[in-house]
>>> print(open('my_file37.txt').read())   # compact mmCIF, N, CA and C atoms
# COMPACT_ATOMS: atom_id res chain seq x y z
N MET A 115 -66.04 -119.31 49.61
CA MET A 115 -65.64 -120.12 50.74
C MET A 115 -64.36 -120.86 50.37
N SER A 116 -63.33 -120.65 51.09
CA SER A 116 -62.08 -121.35 50.79
C SER A 116 -62.12 -122.75 51.36
N ASN A 117 -61.21 -123.59 50.90
CA ASN A 117 -61.14 -124.94 51.44
C ASN A 117 -60.89 -124.93 52.93
N GLN A 118 -60.17 -123.90 53.40
CA GLN A 118 -59.88 -123.84 54.82
C GLN A 118 -61.16 -123.67 55.64
N SER A 119 -62.20 -123.08 55.06
CA SER A 119 -63.44 -122.89 55.81
C SER A 119 -64.42 -124.04 55.59
N LYS A 120 -64.09 -124.99 54.73
CA LYS A 120 -64.90 -126.19 54.59
C LYS A 120 -64.45 -127.18 55.66
N THR A 121 -65.39 -127.94 56.14
CA THR A 121 -65.05 -128.97 57.12
C THR A 121 -64.25 -130.07 56.42
N PRO A 122 -63.48 -130.84 57.16
CA PRO A 122 -62.76 -131.96 56.53
C PRO A 122 -63.71 -132.90 55.80
N ARG A 123 -64.91 -133.10 56.34
CA ARG A 123 -65.89 -133.97 55.68
C ARG A 123 -66.32 -133.38 54.34
N GLN A 124 -66.55 -132.06 54.28
CA GLN A 124 -66.93 -131.42 53.03
C GLN A 124 -65.79 -131.48 52.02
N GLN A 125 -64.57 -131.26 52.47
CA GLN A 125 -63.41 -131.35 51.57
C GLN A 125 -63.30 -132.74 50.98
N SER A 126 -63.50 -133.75 51.80
CA SER A 126 -63.43 -135.14 51.34
C SER A 126 -64.54 -135.42 50.33
N LYS A 127 -65.75 -134.93 50.61
CA LYS A 127 -66.87 -135.14 49.69
C LYS A 127 -66.58 -134.53 48.32
N VAL A 128 -66.04 -133.31 48.30
CA VAL A 128 -65.73 -132.63 47.04
C VAL A 128 -64.66 -133.41 46.28
N ARG A 129 -63.63 -133.87 46.97
CA ARG A 129 -62.59 -134.68 46.30
C ARG A 129 -63.19 -135.94 45.70
N ASN A 130 -64.04 -136.62 46.44
CA ASN A 130 -64.66 -137.85 45.94
C ASN A 130 -65.56 -137.59 44.74
N LEU A 131 -66.32 -136.49 44.78
CA LEU A 131 -67.16 -136.14 43.64
C LEU A 131 -66.32 -135.87 42.40
N ALA A 132 -65.19 -135.18 42.58
CA ALA A 132 -64.31 -134.87 41.44
C ALA A 132 -63.72 -136.14 40.85
N VAL A 133 -63.25 -137.03 41.69
CA VAL A 133 -62.66 -138.29 41.20
C VAL A 133 -63.72 -139.13 40.49
N ASP A 134 -64.92 -139.19 41.05
CA ASP A 134 -66.00 -139.96 40.43
C ASP A 134 -66.36 -139.39 39.05
N LEU A 135 -66.40 -138.06 38.93
CA LEU A 135 -66.71 -137.43 37.65
C LEU A 135 -65.63 -137.74 36.62
N MET A 136 -64.37 -137.67 37.02
CA MET A 136 -63.27 -138.01 36.11
C MET A 136 -63.36 -139.46 35.66
N TYR A 137 -63.66 -140.35 36.59
CA TYR A 137 -63.79 -141.77 36.27
C TYR A 137 -64.91 -141.97 35.24
N ARG A 138 -66.05 -141.33 35.49
CA ARG A 138 -67.19 -141.47 34.56
C ARG A 138 -66.85 -140.93 33.18
N ALA A 139 -66.11 -139.82 33.13
CA ALA A 139 -65.71 -139.25 31.83
C ALA A 139 -64.87 -140.25 31.06
N ILE A 140 -63.92 -140.86 31.71
CA ILE A 140 -63.06 -141.85 31.06
C ILE A 140 -63.89 -143.06 30.62
N GLU A 141 -64.71 -143.56 31.51
CA GLU A 141 -65.53 -144.74 31.23
C GLU A 141 -66.47 -144.50 30.03
N LEU A 142 -67.15 -143.35 30.01
CA LEU A 142 -68.06 -143.05 28.91
C LEU A 142 -67.32 -142.93 27.58
N THR A 143 -66.17 -142.30 27.60
CA THR A 143 -65.39 -142.14 26.38
C THR A 143 -64.94 -143.50 25.84
N GLN A 144 -64.60 -144.40 26.74
CA GLN A 144 -64.12 -145.71 26.31
C GLN A 144 -65.22 -146.69 25.93
N THR A 145 -66.45 -146.47 26.44
CA THR A 145 -67.48 -147.49 26.24
C THR A 145 -68.69 -147.01 25.44
N THR A 146 -68.71 -145.74 25.02
CA THR A 146 -69.83 -145.23 24.23
C THR A 146 -69.30 -144.51 22.99
N LYS A 147 -70.21 -144.01 22.17
CA LYS A 147 -69.82 -143.26 20.99
C LYS A 147 -69.51 -141.80 21.31
N HIS A 148 -69.73 -141.39 22.55
CA HIS A 148 -69.52 -140.01 22.97
C HIS A 148 -68.11 -139.82 23.51
N ASP A 149 -67.62 -138.59 23.44
CA ASP A 149 -66.33 -138.25 24.05
C ASP A 149 -66.57 -137.23 25.15
N VAL A 150 -65.99 -137.49 26.31
CA VAL A 150 -66.16 -136.63 27.47
C VAL A 150 -64.79 -136.31 28.03
N ARG A 151 -64.58 -135.03 28.30
CA ARG A 151 -63.31 -134.61 28.90
C ARG A 151 -63.61 -133.85 30.18
N CYS A 152 -62.97 -134.28 31.24
CA CYS A 152 -63.09 -133.62 32.53
C CYS A 152 -61.76 -132.93 32.80
N ASP A 153 -61.79 -131.61 32.93
CA ASP A 153 -60.56 -130.84 33.16
C ASP A 153 -60.50 -130.37 34.60
N TYR A 154 -59.37 -130.62 35.23
CA TYR A 154 -59.13 -130.10 36.58
C TYR A 154 -57.85 -129.28 36.53
N SER A 155 -57.94 -128.04 36.98
CA SER A 155 -56.78 -127.15 37.05
C SER A 155 -56.42 -126.97 38.52
N GLY A 156 -55.41 -127.70 38.94
CA GLY A 156 -55.04 -127.70 40.35
C GLY A 156 -54.56 -126.37 40.88
N HIS A 157 -53.91 -125.58 40.01
CA HIS A 157 -53.36 -124.32 40.50
C HIS A 157 -54.45 -123.33 40.90
N VAL A 158 -55.67 -123.52 40.39
CA VAL A 158 -56.79 -122.66 40.79
C VAL A 158 -57.95 -123.47 41.37
N ASN A 159 -57.79 -124.79 41.46
CA ASN A 159 -58.80 -125.68 42.04
C ASN A 159 -60.14 -125.56 41.29
N HIS A 160 -60.07 -125.70 39.95
CA HIS A 160 -61.23 -125.52 39.08
C HIS A 160 -61.47 -126.79 38.28
N ILE A 161 -62.74 -127.14 38.09
CA ILE A 161 -63.09 -128.32 37.31
C ILE A 161 -64.19 -127.96 36.32
N SER A 162 -64.12 -128.56 35.11
CA SER A 162 -65.16 -128.36 34.10
C SER A 162 -65.34 -129.67 33.33
N LEU A 163 -66.42 -129.74 32.58
CA LEU A 163 -66.74 -130.96 31.85
C LEU A 163 -67.08 -130.60 30.40
N GLU A 164 -66.39 -131.24 29.47
CA GLU A 164 -66.61 -131.02 28.04
C GLU A 164 -67.22 -132.28 27.45
N ILE A 165 -68.33 -132.11 26.72
CA ILE A 165 -69.06 -133.24 26.16
C ILE A 165 -69.18 -133.09 24.65
N HIS A 166 -68.82 -134.15 23.93
CA HIS A 166 -68.97 -134.20 22.48
C HIS A 166 -69.92 -135.35 22.16
N LEU A 167 -71.16 -134.99 21.84
CA LEU A 167 -72.15 -136.01 21.48
C LEU A 167 -71.72 -136.68 20.19
N ASP A 168 -71.80 -137.98 20.16
CA ASP A 168 -71.41 -138.77 18.99
C ASP A 168 -69.92 -138.66 18.67
N GLY A 169 -69.12 -138.23 19.61
CA GLY A 169 -67.67 -138.21 19.44
C GLY A 169 -67.10 -136.85 19.07
N TYR A 170 -65.83 -136.70 19.35
CA TYR A 170 -65.10 -135.47 19.05
C TYR A 170 -64.93 -135.34 17.54
N LYS A 171 -65.11 -134.13 17.05
CA LYS A 171 -64.89 -133.85 15.62
C LYS A 171 -63.88 -132.72 15.50
N LYS A 172 -62.81 -132.97 14.80
CA LYS A 172 -61.75 -131.98 14.64
C LYS A 172 -62.32 -130.67 14.07
N GLY A 173 -61.90 -129.57 14.67
CA GLY A 173 -62.31 -128.26 14.20
C GLY A 173 -63.63 -127.76 14.78
N VAL A 174 -64.33 -128.61 15.52
CA VAL A 174 -65.60 -128.19 16.14
C VAL A 174 -65.31 -127.76 17.57
N GLU A 175 -65.41 -126.46 17.79
CA GLU A 175 -65.18 -125.92 19.14
C GLU A 175 -66.46 -126.04 19.95
N PRO A 176 -66.35 -126.51 21.18
CA PRO A 176 -67.56 -126.62 22.01
C PRO A 176 -68.06 -125.25 22.45
N ILE A 177 -69.38 -125.16 22.66
CA ILE A 177 -69.94 -123.95 23.23
C ILE A 177 -69.99 -124.12 24.75
N TYR A 178 -69.99 -123.02 25.45
CA TYR A 178 -70.02 -123.06 26.91
C TYR A 178 -71.43 -122.79 27.39
N VAL A 179 -71.92 -123.64 28.27
CA VAL A 179 -73.24 -123.47 28.86
C VAL A 179 -73.07 -123.32 30.36
N LYS A 180 -73.94 -122.53 30.96
CA LYS A 180 -73.80 -122.26 32.39
C LYS A 180 -74.05 -123.52 33.21
N ARG A 181 -75.15 -124.14 33.00
CA ARG A 181 -75.44 -125.39 33.71
C ARG A 181 -76.16 -126.36 32.78
N ASN A 182 -77.47 -126.44 32.84
CA ASN A 182 -78.21 -127.38 32.00
C ASN A 182 -78.29 -126.87 30.56
N PRO A 183 -77.77 -127.63 29.60
CA PRO A 183 -77.82 -127.18 28.20
C PRO A 183 -79.26 -127.12 27.69
N THR A 184 -79.55 -126.10 26.89
CA THR A 184 -80.86 -125.97 26.28
C THR A 184 -80.95 -126.91 25.08
N LYS A 185 -82.15 -127.05 24.52
CA LYS A 185 -82.34 -127.90 23.35
C LYS A 185 -81.46 -127.42 22.19
N THR A 186 -81.40 -126.10 22.00
CA THR A 186 -80.57 -125.53 20.93
C THR A 186 -79.10 -125.84 21.17
N GLU A 187 -78.65 -125.70 22.42
CA GLU A 187 -77.25 -126.00 22.72
C GLU A 187 -76.94 -127.48 22.51
N LEU A 188 -77.88 -128.34 22.84
CA LEU A 188 -77.68 -129.77 22.62
C LEU A 188 -77.58 -130.11 21.13
N GLU A 189 -78.30 -129.38 20.30
CA GLU A 189 -78.23 -129.62 18.85
C GLU A 189 -76.84 -129.31 18.30
N TYR A 190 -76.10 -128.45 19.00
CA TYR A 190 -74.74 -128.13 18.58
C TYR A 190 -73.82 -129.34 18.72
N LYS A 191 -74.15 -130.24 19.63
CA LYS A 191 -73.48 -131.52 19.83
C LYS A 191 -72.12 -131.48 20.51
N SER A 192 -71.60 -130.29 20.81
CA SER A 192 -70.36 -130.19 21.59
C SER A 192 -70.52 -129.01 22.55
N PHE A 193 -70.43 -129.31 23.83
CA PHE A 193 -70.60 -128.24 24.79
C PHE A 193 -69.77 -128.51 26.05
N VAL A 194 -69.50 -127.44 26.76
CA VAL A 194 -68.79 -127.51 28.02
C VAL A 194 -69.73 -127.01 29.10
N ILE A 195 -69.90 -127.81 30.13
CA ILE A 195 -70.62 -127.33 31.29
C ILE A 195 -69.63 -126.48 32.07
N SER A 196 -69.87 -125.16 32.05
CA SER A 196 -68.93 -124.25 32.68
C SER A 196 -68.60 -124.74 34.08
N GLY A 197 -67.34 -124.75 34.35
CA GLY A 197 -66.86 -125.34 35.58
C GLY A 197 -67.11 -124.50 36.80
N ILE A 198 -66.53 -124.99 37.86
CA ILE A 198 -66.67 -124.31 39.15
C ILE A 198 -65.36 -124.42 39.90
N TYR A 199 -65.10 -123.40 40.68
CA TYR A 199 -63.95 -123.44 41.57
C TYR A 199 -64.36 -124.26 42.79
N LEU A 200 -63.59 -125.26 43.09
CA LEU A 200 -63.96 -126.16 44.19
C LEU A 200 -63.86 -125.49 45.55
N ASN A 201 -63.32 -124.28 45.58
CA ASN A 201 -63.29 -123.50 46.83
C ASN A 201 -64.59 -122.73 47.03
N ASP A 202 -65.46 -122.70 46.01
CA ASP A 202 -66.72 -121.95 46.10
C ASP A 202 -67.64 -122.56 47.15
N ASN A 203 -68.77 -121.92 47.32
CA ASN A 203 -69.77 -122.37 48.28
C ASN A 203 -70.09 -123.85 48.05
N ILE A 204 -70.14 -124.62 49.12
CA ILE A 204 -70.32 -126.07 49.02
C ILE A 204 -71.60 -126.43 48.28
N ASN A 205 -72.68 -125.67 48.46
CA ASN A 205 -73.93 -125.98 47.76
C ASN A 205 -73.81 -125.77 46.26
N GLU A 206 -73.08 -124.73 45.84
CA GLU A 206 -72.86 -124.49 44.41
C GLU A 206 -71.97 -125.57 43.81
N VAL A 207 -70.98 -126.00 44.57
CA VAL A 207 -70.09 -127.06 44.10
C VAL A 207 -70.87 -128.36 43.91
N ILE A 208 -71.68 -128.70 44.88
CA ILE A 208 -72.48 -129.93 44.78
C ILE A 208 -73.47 -129.82 43.63
N ASP A 209 -74.04 -128.63 43.41
CA ASP A 209 -74.96 -128.43 42.29
C ASP A 209 -74.26 -128.69 40.96
N PHE A 210 -73.03 -128.20 40.81
CA PHE A 210 -72.27 -128.45 39.58
C PHE A 210 -72.15 -129.96 39.34
N PHE A 211 -71.76 -130.71 40.37
CA PHE A 211 -71.58 -132.15 40.20
C PHE A 211 -72.91 -132.84 39.90
N ASN A 212 -74.00 -132.38 40.50
CA ASN A 212 -75.31 -132.96 40.20
C ASN A 212 -75.68 -132.75 38.73
N VAL A 213 -75.48 -131.53 38.23
CA VAL A 213 -75.79 -131.23 36.83
C VAL A 213 -74.88 -132.04 35.90
N ALA A 214 -73.59 -132.07 36.19
CA ALA A 214 -72.64 -132.80 35.36
C ALA A 214 -72.99 -134.29 35.31
N ASN A 215 -73.28 -134.87 36.45
CA ASN A 215 -73.62 -136.29 36.48
C ASN A 215 -74.95 -136.57 35.79
N ALA A 216 -75.90 -135.64 35.87
CA ALA A 216 -77.17 -135.81 35.16
C ALA A 216 -76.93 -135.84 33.65
N GLU A 217 -76.03 -134.98 33.16
CA GLU A 217 -75.72 -134.99 31.72
C GLU A 217 -75.04 -136.29 31.33
N LEU A 218 -74.17 -136.80 32.17
CA LEU A 218 -73.51 -138.08 31.86
C LEU A 218 -74.52 -139.22 31.90
N ASP A 219 -75.50 -139.14 32.81
CA ASP A 219 -76.57 -140.15 32.84
C ASP A 219 -77.34 -140.15 31.52
N LYS A 220 -77.61 -138.95 30.98
CA LYS A 220 -78.31 -138.85 29.69
C LYS A 220 -77.50 -139.50 28.57
N LEU A 221 -76.18 -139.30 28.59
CA LEU A 221 -75.33 -139.92 27.57
C LEU A 221 -75.40 -141.43 27.65
N THR A 222 -75.34 -141.95 28.86
CA THR A 222 -75.39 -143.39 29.07
C THR A 222 -76.73 -143.94 28.56
N ALA A 223 -77.80 -143.26 28.91
CA ALA A 223 -79.15 -143.72 28.49
C ALA A 223 -79.30 -143.65 26.98
N SER A 224 -78.83 -142.57 26.35
CA SER A 224 -78.98 -142.43 24.90
C SER A 224 -78.15 -143.47 24.15
N ASP A 225 -77.01 -143.82 24.69
CA ASP A 225 -76.18 -144.82 24.04
C ASP A 225 -76.82 -146.20 24.16
N LYS A 226 -77.43 -146.49 25.30
CA LYS A 226 -78.09 -147.78 25.47
C LYS A 226 -79.32 -147.90 24.59
N ALA A 227 -80.00 -146.77 24.36
CA ALA A 227 -81.21 -146.76 23.52
C ALA A 227 -80.88 -146.93 22.05
N ALA A 228 -79.67 -146.56 21.66
CA ALA A 228 -79.29 -146.62 20.25
C ALA A 228 -79.01 -148.02 19.76
>>> encode(input="my_file37.txt", output="structure tokens")
Amino acid sequence: MSNQSKTPRQQSKVRNLAVDLMYRAIELTQTTKHDVRCDYSGHVNHISLEIHLDGYKKGVEPIYVKRNPTKTELEYKSFVISGIYLNDNINEVIDFFNVANAELDKLTASDKAA
């Protein structure tokens, strides 16, 4: 589904979700021990989220996970939630943001518990 076939309300919702995710990535990186990078590629309208538990470590390449990381993937401590093209189906786009925000919620909770 291209942006042209999304309603103006859906386009606005997707933009707001993207901005909120970027804001949370910056906030978590600045206020917790974790490092989060949110990448947006405007030329293809694609967004992804990279998470480094306990901070970025030089030379450690993140693994890519489709959506919810498994226990084994979490033990790796650096992973990317494979992104989505924001022109894709609105339900798939919203699902990506729900999963990404759930992972950021876990980071916030784990940092507060520590």
>>> select_by_dssp(input="my_file37.txt", residues="range 140-176 of chain A", states="strand (DSSP E or B)", output="ChimeraX atom specification")
/A:149-155,160-166
>>> atom_distance(input="my_file37.txt", atom1="atom N of Leu131 in chain A", atom2="atom N of Ala223 in chain A")
20.7 Å
>>> atom_distance(input="my_file37.txt", atom1="atom N of Lys185 in chain A", atom2="atom N of Ala216 in chain A")
15.5 Å
>>> closest_residue(input="my_file37.txt", among="A:Met136, A:Leu221, A:Ala227, A:His160", to="His148 in chain A", atoms="all atoms listed in the file")
A:Leu221
>>> select_by_dssp(input="my_file37.txt", residues="chain A", states="helix (DSSP H, G or I)", output="count of residues only")
57
>>> atom_distance(input="my_file37.txt", atom1="CA of Leu163 in chain A", atom2="CA of Ala139 in chain A")
8.4 Å
>>> closest_residue(input="my_file37.txt", among="A:Tyr154, A:Ser126, A:Leu142, A:Ile195", to="Val213 in chain A", atoms="all atoms listed in the file")
A:Ile195
>>> closest_residue(input="my_file37.txt", among="A:Ala214, A:Thr222, A:Val174, A:Asn159", to="Asn201 in chain A", atoms="only N, CA and C atoms")
A:Asn159
>>> residues_around(input="my_file37.txt", residues="Ser119 in chain A", least_positions_apart="4", cutoff="10 Å", atoms="only C-alpha atoms", output="list of chain:residue names")
A:Met115, A:Gln124, A:Gln125, A:Asn201, A:Asn203
>>> axis_aligned_box(input="my_file37.txt", around="range 213-216 of chain A", padding_each_side="8 Å", output="JSON")
{"center_x": -74.9, "center_y": -133.9, "center_z": 35.9, "size_x": 20.5, "size_y": 21.3, "size_z": 20.6}
>>> closest_residue(input="my_file37.txt", among="A:Ser155, A:Ile204, A:Asp149, A:Leu135", to="Leu167 in chain A", atoms="all atoms listed in the file")
A:Asp149
>>> closest_residue(input="my_file37.txt", among="A:Lys172, A:Ile161, A:Thr146, A:Tyr137", to="Leu200 in chain A", atoms="all atoms listed in the file")
A:Ile161
>>> closest_residue(input="my_file37.txt", among="A:Gly169, A:Asn215, A:Val128, A:Val207", to="Thr145 in chain A", atoms="only C-alpha atoms")
A:Gly169
>>> decode(input="my_file37.txt", residues="range 212-225 of chain A", atoms="all heavy atoms", output="PDB file, in the first residue's frame")
ATOM      1  N   ASN A 212       4.193  -1.212  17.494  1.00  0.00           N
ATOM      2  CA  ASN A 212       3.791  -1.838  18.762  1.00  0.00           C
ATOM      3  C   ASN A 212       4.906  -2.712  19.316  1.00  0.00           C
ATOM      4  O   ASN A 212       5.212  -2.659  20.512  1.00  0.00           O
ATOM      5  CB  ASN A 212       2.509  -2.656  18.573  1.00  0.00           C
ATOM      6  CG  ASN A 212       1.284  -1.778  18.401  1.00  0.00           C
ATOM      7  OD1 ASN A 212       1.274  -0.616  18.783  1.00  0.00           O
ATOM      8  ND2 ASN A 212       0.252  -2.341  17.803  1.00  0.00           N
ATOM      9  N   VAL A 213       5.516  -3.525  18.457  1.00  0.00           N
ATOM     10  CA  VAL A 213       6.620  -4.396  18.892  1.00  0.00           C
ATOM     11  C   VAL A 213       7.814  -3.555  19.343  1.00  0.00           C
ATOM     12  O   VAL A 213       8.407  -3.808  20.394  1.00  0.00           O
ATOM     13  CB  VAL A 213       7.018  -5.368  17.757  1.00  0.00           C
ATOM     14  CG1 VAL A 213       8.319  -6.079  18.081  1.00  0.00           C
ATOM     15  CG2 VAL A 213       5.903  -6.370  17.503  1.00  0.00           C
ATOM     16  N   ALA A 214       8.179  -2.553  18.552  1.00  0.00           N
ATOM     17  CA  ALA A 214       9.320  -1.704  18.890  1.00  0.00           C
ATOM     18  C   ALA A 214       9.102  -1.003  20.230  1.00  0.00           C
ATOM     19  O   ALA A 214       9.995  -0.987  21.083  1.00  0.00           O
ATOM     20  CB  ALA A 214       9.566  -0.686  17.775  1.00  0.00           C
ATOM     21  N   ASN A 215       7.929  -0.447  20.426  1.00  0.00           N
ATOM     22  CA  ASN A 215       7.652   0.245  21.681  1.00  0.00           C
ATOM     23  C   ASN A 215       7.600  -0.717  22.861  1.00  0.00           C
ATOM     24  O   ASN A 215       8.024  -0.364  23.963  1.00  0.00           O
ATOM     25  CB  ASN A 215       6.357   1.054  21.568  1.00  0.00           C
ATOM     26  CG  ASN A 215       6.598   2.388  20.902  1.00  0.00           C
ATOM     27  OD1 ASN A 215       7.408   3.184  21.369  1.00  0.00           O
ATOM     28  ND2 ASN A 215       5.931   2.626  19.793  1.00  0.00           N
ATOM     29  N   ALA A 216       7.129  -1.941  22.643  1.00  0.00           N
ATOM     30  CA  ALA A 216       7.132  -2.939  23.718  1.00  0.00           C
ATOM     31  C   ALA A 216       8.565  -3.254  24.141  1.00  0.00           C
ATOM     32  O   ALA A 216       8.847  -3.402  25.341  1.00  0.00           O
ATOM     33  CB  ALA A 216       6.402  -4.202  23.269  1.00  0.00           C
ATOM     34  N   GLU A 217       9.478  -3.359  23.169  1.00  0.00           N
ATOM     35  CA  GLU A 217      10.885  -3.613  23.510  1.00  0.00           C
ATOM     36  C   GLU A 217      11.475  -2.429  24.269  1.00  0.00           C
ATOM     37  O   GLU A 217      12.247  -2.609  25.215  1.00  0.00           O
ATOM     38  CB  GLU A 217      11.699  -3.914  22.252  1.00  0.00           C
ATOM     39  CG  GLU A 217      11.394  -5.249  21.628  1.00  0.00           C
ATOM     40  CD  GLU A 217      11.558  -6.418  22.589  1.00  0.00           C
ATOM     41  OE1 GLU A 217      12.553  -6.467  23.340  1.00  0.00           O
ATOM     42  OE2 GLU A 217      10.675  -7.292  22.594  1.00  0.00           O
ATOM     43  N   LEU A 218      11.130  -1.225  23.891  1.00  0.00           N
ATOM     44  CA  LEU A 218      11.632  -0.049  24.616  1.00  0.00           C
ATOM     45  C   LEU A 218      11.046   0.009  26.017  1.00  0.00           C
ATOM     46  O   LEU A 218      11.734   0.415  26.961  1.00  0.00           O
ATOM     47  CB  LEU A 218      11.328   1.230  23.829  1.00  0.00           C
ATOM     48  CG  LEU A 218      12.006   1.335  22.465  1.00  0.00           C
ATOM     49  CD1 LEU A 218      11.720   2.695  21.831  1.00  0.00           C
ATOM     50  CD2 LEU A 218      13.501   1.089  22.546  1.00  0.00           C
ATOM     51  N   ASP A 219       9.783  -0.421  26.170  1.00  0.00           N
ATOM     52  CA  ASP A 219       9.184  -0.492  27.506  1.00  0.00           C
ATOM     53  C   ASP A 219       9.963  -1.457  28.389  1.00  0.00           C
ATOM     54  O   ASP A 219      10.187  -1.197  29.574  1.00  0.00           O
ATOM     55  CB  ASP A 219       7.717  -0.931  27.427  1.00  0.00           C
ATOM     56  CG  ASP A 219       6.813   0.125  26.804  1.00  0.00           C
ATOM     57  OD1 ASP A 219       7.216   1.307  26.722  1.00  0.00           O
ATOM     58  OD2 ASP A 219       5.690  -0.252  26.397  1.00  0.00           O
ATOM     59  N   LYS A 220      10.386  -2.598  27.818  1.00  0.00           N
ATOM     60  CA  LYS A 220      11.180  -3.573  28.578  1.00  0.00           C
ATOM     61  C   LYS A 220      12.507  -2.964  29.026  1.00  0.00           C
ATOM     62  O   LYS A 220      12.962  -3.201  30.148  1.00  0.00           O
ATOM     63  CB  LYS A 220      11.454  -4.817  27.739  1.00  0.00           C
ATOM     64  CG  LYS A 220      10.244  -5.673  27.487  1.00  0.00           C
ATOM     65  CD  LYS A 220      10.627  -6.843  26.582  1.00  0.00           C
ATOM     66  CE  LYS A 220       9.442  -7.568  26.035  1.00  0.00           C
ATOM     67  NZ  LYS A 220       9.826  -8.622  25.070  1.00  0.00           N
ATOM     68  N   LEU A 221      13.141  -2.182  28.146  1.00  0.00           N
ATOM     69  CA  LEU A 221      14.404  -1.535  28.516  1.00  0.00           C
ATOM     70  C   LEU A 221      14.202  -0.577  29.679  1.00  0.00           C
ATOM     71  O   LEU A 221      14.998  -0.547  30.615  1.00  0.00           O
ATOM     72  CB  LEU A 221      14.991  -0.769  27.332  1.00  0.00           C
ATOM     73  CG  LEU A 221      15.504  -1.570  26.146  1.00  0.00           C
ATOM     74  CD1 LEU A 221      16.028  -0.620  25.083  1.00  0.00           C
ATOM     75  CD2 LEU A 221      16.574  -2.529  26.578  1.00  0.00           C
ATOM     76  N   THR A 222      13.137   0.199  29.610  1.00  0.00           N
ATOM     77  CA  THR A 222      12.839   1.169  30.662  1.00  0.00           C
ATOM     78  C   THR A 222      12.614   0.438  31.984  1.00  0.00           C
ATOM     79  O   THR A 222      13.160   0.823  33.020  1.00  0.00           O
ATOM     80  CB  THR A 222      11.596   1.994  30.295  1.00  0.00           C
ATOM     81  OG1 THR A 222      11.844   2.673  29.056  1.00  0.00           O
ATOM     82  CG2 THR A 222      11.276   3.023  31.354  1.00  0.00           C
ATOM     83  N   ALA A 223      11.837  -0.628  31.935  1.00  0.00           N
ATOM     84  CA  ALA A 223      11.526  -1.393  33.158  1.00  0.00           C
ATOM     85  C   ALA A 223      12.782  -2.047  33.724  1.00  0.00           C
ATOM     86  O   ALA A 223      13.004  -2.027  34.937  1.00  0.00           O
ATOM     87  CB  ALA A 223      10.464  -2.440  32.859  1.00  0.00           C
ATOM     88  N   SER A 224      13.623  -2.625  32.867  1.00  0.00           N
ATOM     89  CA  SER A 224      14.831  -3.300  33.356  1.00  0.00           C
ATOM     90  C   SER A 224      15.815  -2.304  33.959  1.00  0.00           C
ATOM     91  O   SER A 224      16.498  -2.622  34.927  1.00  0.00           O
ATOM     92  CB  SER A 224      15.510  -4.094  32.239  1.00  0.00           C
ATOM     93  OG  SER A 224      16.148  -3.230  31.319  1.00  0.00           O
ATOM     94  N   ASP A 225      15.868  -1.120  33.413  1.00  0.00           N
ATOM     95  CA  ASP A 225      16.774  -0.113  33.951  1.00  0.00           C
ATOM     96  C   ASP A 225      16.284   0.379  35.307  1.00  0.00           C
ATOM     97  O   ASP A 225      17.092   0.625  36.201  1.00  0.00           O
ATOM     98  CB  ASP A 225      16.923   1.045  32.961  1.00  0.00           C
ATOM     99  CG  ASP A 225      18.191   1.834  33.203  1.00  0.00           C
ATOM    100  OD1 ASP A 225      19.279   1.255  33.019  1.00  0.00           O
ATOM    101  OD2 ASP A 225      18.079   3.009  33.611  1.00  0.00           O
TER     102      ASP A 225
END
